[in-house]
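File shown here: entry.cif, holding mmCIF, C-alpha atoms and all ligand atoms.
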data_my_file
loop_
_atom_site.label_atom_id
_atom_site.label_comp_id
_atom_site.auth_asym_id
_atom_site.auth_seq_id
_atom_site.Cartn_x
_atom_site.Cartn_y
_atom_site.Cartn_z
CA MET H 1 24.77 -32.06 -20.35
CA ALA H 2 22.16 -32.66 -22.96
CA LEU H 3 20.05 -30.74 -25.36
CA ARG H 4 16.39 -30.55 -24.43
CA ASN H 5 13.46 -30.23 -26.78
CA ILE H 6 12.15 -26.70 -27.06
CA ARG H 7 8.39 -26.57 -26.68
CA ILE H 8 6.54 -24.76 -29.42
CA ALA H 9 3.63 -22.31 -28.99
CA GLY H 10 0.39 -24.23 -28.68
CA ASP H 11 1.95 -26.54 -26.08
CA ARG H 12 -0.04 -25.87 -22.91
CA VAL H 13 3.06 -26.07 -20.74
CA LEU H 14 3.97 -22.63 -22.09
CA GLU H 15 0.75 -21.16 -20.70
CA LYS H 16 1.20 -22.26 -17.10
CA THR H 17 2.56 -20.40 -14.08
CA CYS H 18 5.86 -21.83 -12.86
CA ARG H 19 6.67 -22.73 -9.26
CA PRO H 20 9.56 -21.27 -7.27
CA VAL H 21 12.69 -23.36 -6.77
CA LYS H 22 13.04 -24.27 -3.10
CA GLU H 23 16.54 -25.73 -3.08
CA MET H 24 19.40 -26.55 -5.38
CA THR H 25 19.50 -30.24 -6.19
CA PRO H 26 21.50 -32.25 -8.73
CA LYS H 27 18.36 -32.34 -10.85
CA VAL H 28 18.01 -28.55 -10.87
CA GLU H 29 21.75 -28.15 -11.50
CA ASN H 30 21.41 -30.50 -14.44
CA LEU H 31 18.41 -28.61 -15.76
CA ILE H 32 20.34 -25.31 -15.68
CA ASN H 33 23.29 -26.84 -17.55
CA ASP H 34 20.94 -28.31 -20.15
CA MET H 35 19.11 -25.00 -20.54
CA LEU H 36 22.38 -23.18 -21.21
CA GLU H 37 23.44 -25.78 -23.76
CA THR H 38 20.02 -25.72 -25.42
CA MET H 39 19.98 -21.90 -25.58
CA TYR H 40 23.45 -21.70 -27.14
CA ASP H 41 22.67 -24.52 -29.56
CA ALA H 42 19.50 -22.74 -30.70
CA GLY H 43 21.31 -19.41 -31.04
CA GLY H 44 18.97 -17.72 -28.57
CA VAL H 45 19.72 -14.95 -26.09
CA GLY H 46 17.50 -16.43 -23.39
CA LEU H 47 15.56 -19.51 -22.40
CA ALA H 48 13.01 -20.17 -19.65
CA ALA H 49 12.46 -23.54 -17.98
CA PRO H 50 8.86 -23.94 -19.28
CA GLN H 51 10.29 -23.75 -22.81
CA VAL H 52 11.89 -27.13 -22.09
CA GLY H 53 8.75 -28.38 -20.38
CA ILE H 54 9.73 -27.75 -16.75
CA LEU H 55 7.43 -25.58 -14.64
CA LYS H 56 10.12 -24.03 -12.45
CA ARG H 57 11.04 -20.36 -12.08
CA ILE H 58 14.42 -20.55 -13.79
CA VAL H 59 15.69 -18.56 -16.77
CA VAL H 60 19.05 -18.32 -18.48
CA ILE H 61 20.09 -15.28 -20.49
CA ASP H 62 23.19 -14.41 -22.49
CA VAL H 63 23.21 -11.29 -24.64
CA ASP H 64 27.00 -11.19 -25.05
CA PHE H 65 27.88 -12.16 -28.60
CA GLU H 66 31.64 -11.93 -28.09
CA GLU H 67 32.09 -14.53 -25.39
CA PRO H 68 29.83 -16.55 -23.07
CA HIS H 69 28.45 -14.38 -20.28
CA PRO H 70 25.41 -16.21 -18.98
CA TYR H 71 23.04 -14.99 -16.33
CA ILE H 72 21.26 -17.68 -14.38
CA MET H 73 18.16 -16.35 -12.70
CA ILE H 74 16.30 -18.51 -10.20
CA ASN H 75 13.03 -17.19 -8.75
CA PRO H 76 13.61 -13.83 -10.46
CA GLU H 77 11.61 -10.72 -9.64
CA ILE H 78 11.56 -7.35 -11.29
CA LEU H 79 12.27 -4.58 -8.79
CA GLU H 80 12.16 -1.49 -11.00
CA VAL H 81 11.48 -0.60 -14.61
CA SER H 82 12.36 2.66 -16.32
CA GLU H 83 9.67 4.95 -17.62
CA GLU H 84 11.69 5.18 -20.80
CA THR H 85 10.73 2.40 -23.18
CA GLN H 86 12.22 0.68 -26.22
CA THR H 87 10.18 -0.48 -29.18
CA GLY H 88 11.85 -3.14 -31.27
CA ASP H 89 11.70 -6.55 -32.81
CA GLU H 90 11.64 -9.65 -30.71
CA GLY H 91 11.66 -13.35 -31.41
CA CYS H 92 11.02 -16.44 -29.32
CA LEU H 93 12.54 -19.91 -29.54
CA SER H 94 9.02 -21.25 -28.99
CA LEU H 95 7.77 -19.43 -32.10
CA PRO H 96 10.52 -20.31 -34.55
CA GLY H 97 10.81 -18.30 -37.72
CA GLN H 98 8.64 -15.45 -36.50
CA SER H 99 9.21 -12.03 -35.04
CA GLY H 100 7.18 -9.09 -33.91
CA THR H 101 7.45 -5.58 -32.53
CA VAL H 102 7.18 -5.28 -28.76
CA THR H 103 7.60 -2.28 -26.47
CA ARG H 104 9.55 -2.99 -23.29
CA PRO H 105 11.17 -0.85 -20.61
CA MET H 106 14.59 0.50 -21.62
CA ARG H 107 16.05 -0.42 -18.23
CA VAL H 108 15.11 -3.07 -15.72
CA LYS H 109 16.39 -3.85 -12.26
CA ALA H 110 15.75 -7.39 -11.06
CA ARG H 111 16.63 -9.69 -8.22
CA ALA H 112 17.23 -13.43 -8.49
CA LEU H 113 19.13 -16.31 -6.97
CA ASP H 114 22.26 -17.60 -8.67
CA ARG H 115 23.09 -21.29 -9.09
CA ASN H 116 24.34 -21.36 -5.47
CA MET H 117 20.95 -20.00 -4.38
CA GLU H 118 22.65 -16.72 -3.41
CA PRO H 119 20.62 -13.57 -4.09
CA TYR H 120 21.96 -10.95 -6.47
CA GLU H 121 20.66 -7.93 -8.32
CA ILE H 122 21.01 -7.25 -11.99
CA GLU H 123 20.46 -4.05 -13.93
CA GLY H 124 19.85 -4.49 -17.61
CA GLU H 125 19.57 -1.98 -20.40
CA GLY H 126 18.52 -2.39 -24.02
CA LEU H 127 18.61 -6.02 -25.15
CA LEU H 128 19.35 -7.32 -21.65
CA ALA H 129 16.31 -5.48 -20.26
CA ARG H 130 14.22 -6.87 -23.12
CA ALA H 131 15.47 -10.40 -22.48
CA ILE H 132 14.76 -10.20 -18.74
CA CYS H 133 11.18 -9.06 -19.41
CA HIS H 134 10.62 -11.68 -22.13
CA GLU H 135 11.97 -14.56 -20.02
CA LEU H 136 10.17 -13.56 -16.83
CA ASP H 137 6.92 -13.42 -18.80
CA HIS H 138 7.50 -17.08 -19.74
CA LEU H 139 7.48 -18.00 -16.04
CA ASP H 140 3.93 -16.66 -15.81
CA GLY H 141 2.76 -18.36 -18.98
CA ILE H 142 2.89 -15.20 -21.09
CA LEU H 143 4.15 -15.41 -24.66
CA TYR H 144 5.42 -12.31 -26.42
CA MET H 145 2.89 -12.74 -29.21
CA THR H 146 0.24 -11.45 -26.80
CA LYS H 147 2.23 -8.18 -26.61
CA VAL H 148 3.11 -7.76 -30.26
CA GLU H 149 2.11 -4.49 -31.87
CA GLY H 150 0.64 -5.30 -35.24
CA GLU H 151 1.25 -8.66 -36.85
CA LEU H 152 3.79 -11.39 -36.30
CA ARG H 153 6.11 -11.49 -39.28
CA GLU H 154 8.44 -13.98 -40.78
CA ALA H 155 11.80 -13.62 -39.10
CA GLY H 156 14.73 -12.27 -41.04
CA ALA H 157 13.54 -8.74 -41.69
CA SER H 158 15.58 -7.22 -38.91
CA GLU H 159 18.90 -7.85 -37.21
CA GLU H 160 17.42 -7.13 -33.79
CA GLU H 161 14.99 -9.99 -33.54
CA PHE H 162 17.01 -12.25 -31.27
CA ALA H 163 15.05 -15.31 -30.27
CA GLN H 164 14.65 -16.01 -26.57
ZN ZN E 201 10.48 -16.77 -25.59
#
Translate the structure described by the file into structure tokens.
Amino acid sequence: MALRNIRIAGDRVLEKTCRPVKEMTPKVENLINDMLETMYDAGGVGLAAPQVGILKRIVVIDVDFEEPHPYIMINPEILEVSEETQTGDEGCLSLPGQSGTVTRPMRVKARALDRNMEPYEIEGEGLLARAICHELDHLDGILYMTKVEGELREAGASEEEFAQ
């Protein structure tokens, strides 16, 4: 495993639409392992492949602060979102040191492939729902700053602004 460089906003790779993964290969397996290591090293709760410069529809998420509990989502799709929303602070590993207020669904149901390319469904609430929405946006070249209500701020004002 190896740490990969996290691309910073302004890098055009973050504005592109990612391609689906067709099959698991040693290269993709390696990418997933590196993404997990890079996310944990950066202290983030999620990371999308374009954030390490790879235009593939892969995200990793871990919102468990007690012990590692990673979700690996390949070719993820959102199936349902709740009408109920959450408005809170969000950060992004590609915009270090900044945070902003974003409204997201309170609950999200999604489908993805795991690292064995087996389909599964995931239902997330609260931070997990927020992370799923934030990471899936990355796969379509959308950065959270386009959704921020008001201004981006310097990070550190809130305990909720987990970077992803
Ligand atoms: Zn992000």
Please report as a Markdown table every residue of chain H lying within 8 Å of ligand ZN 201 (chain E), along with the nearest atom pair and their distance in Å (one decimal), using all atoms listed in the file.
| residue | atom | partner | partner_atom | distance |
| --- | --- | --- | --- | --- |
| H:Gly46 | CA | E:ZN201 | ZN | 7.4 |
| H:Leu47 | CA | E:ZN201 | ZN | 6.6 |
| H:Ala48 | CA | E:ZN201 | ZN | 7.3 |
| H:Gln51 | CA | E:ZN201 | ZN | 7.5 |
| H:Gly91 | CA | E:ZN201 | ZN | 6.9 |
| H:Cys92 | CA | E:ZN201 | ZN | 3.8 |
| H:Leu93 | CA | E:ZN201 | ZN | 5.5 |
| H:Ser94 | CA | E:ZN201 | ZN | 5.8 |
| H:Leu95 | CA | E:ZN201 | ZN | 7.5 |
| H:His134 | CA | E:ZN201 | ZN | 6.2 |
| H:Glu135 | CA | E:ZN201 | ZN | 6.2 |
| H:His138 | CA | E:ZN201 | ZN | 6.6 |
| H:Leu143 | CA | E:ZN201 | ZN | 6.5 |
| H:Tyr144 | CA | E:ZN201 | ZN | 6.8 |
| H:Ala163 | CA | E:ZN201 | ZN | 6.7 |
| H:Gln164 | CA | E:ZN201 | ZN | 4.4 |
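Neighbouring residues of H:Thr25 at 12 Å or closer, counting only C-alpha atoms and skipping chain neighbours under 5 positions away, are Asn30, Leu31, Ile32, Arg115, Asn116 and Met117 of chain H.
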Checklist entry - Taking (9.7, -1.9, -13.9) in the file's coordinates, which residues come within 7 Å, counting all atoms listed in the file, written as an NGL selection string? => result :H and (78-82 or 105 or 108)
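Atom to atom, atom CA of H:Pro96 and atom CA of H:Ala155 stand 8.2 Å apart.
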Can you tell me, as JSON, the centre and edge lengths (Å, one decimal) of the axis-aligned box enclosing all of stretch 12-30 of chain H's listed atoms after padding each side by 6 Å?
{"center_x": 10.9, "center_y": -26.4, "center_z": -13.0, "size_x": 33.8, "size_y": 23.9, "size_z": 31.8}
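Taking only C-alpha atoms into account, H:Arg4 lies nearest to H:Gly53 out of the set H:Cys18, H:Glu29, H:Pro76, H:Gly53.
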Checklist entry - Leaving out H:Leu127 and any residue of its chain fewer than 6 positions from it, which residues lie within 10 Å of it when counting all atoms listed in the file, given as an MDAnalysis selection string? => result chainID H and resid 45 62:64 86 88 90 104 106:107 133 160:162
Checklist entry - By how many Å are atom CA of H:Arg57 and atom CA of H:Ile74 apart? => result 5.9 Å
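Here atom CA of H:Leu3 stands at a distance of 7.6 Å from atom CA of H:Met35.
Distance cut-off 6 Å, centre (23.7, -30.5, -20.7), atoms counted all atoms listed in the file; the residues meeting this are Met1, Ala2, Leu3, Asn33, Asp34 and Glu37 of chain H.
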Checklist entry - Restricting the calculation to all atoms listed in the file, which member of H:Pro20, H:Gly10, H:Gly156, H:Pro26 is positioned closest to H:Asp89? => result H:Gly156
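Distance check against H:Asp114 using only C-alpha atoms: of H:Ala42, H:Ile58, H:Leu36, H:Glu67, the minimum falls on H:Ile58.
Among H:Val59, H:Gly97, H:Gly141, H:Arg111, the residue with the shortest atom-to-atom distance to H:Asp11, counting only C-alpha atoms, is H:Gly141.
Checking H:Pro70, H:Thr146, H:Ile54, H:Thr17 one by one against H:Met39, counting all atoms listed in the file, you find the shortest gap at H:Pro70.
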Item to check | Residue nearest H:Lys56 - candidates H:Arg153, H:Lys27, H:His69, H:Arg19, atoms counted: all atoms listed in the file | outcome: H:Arg19
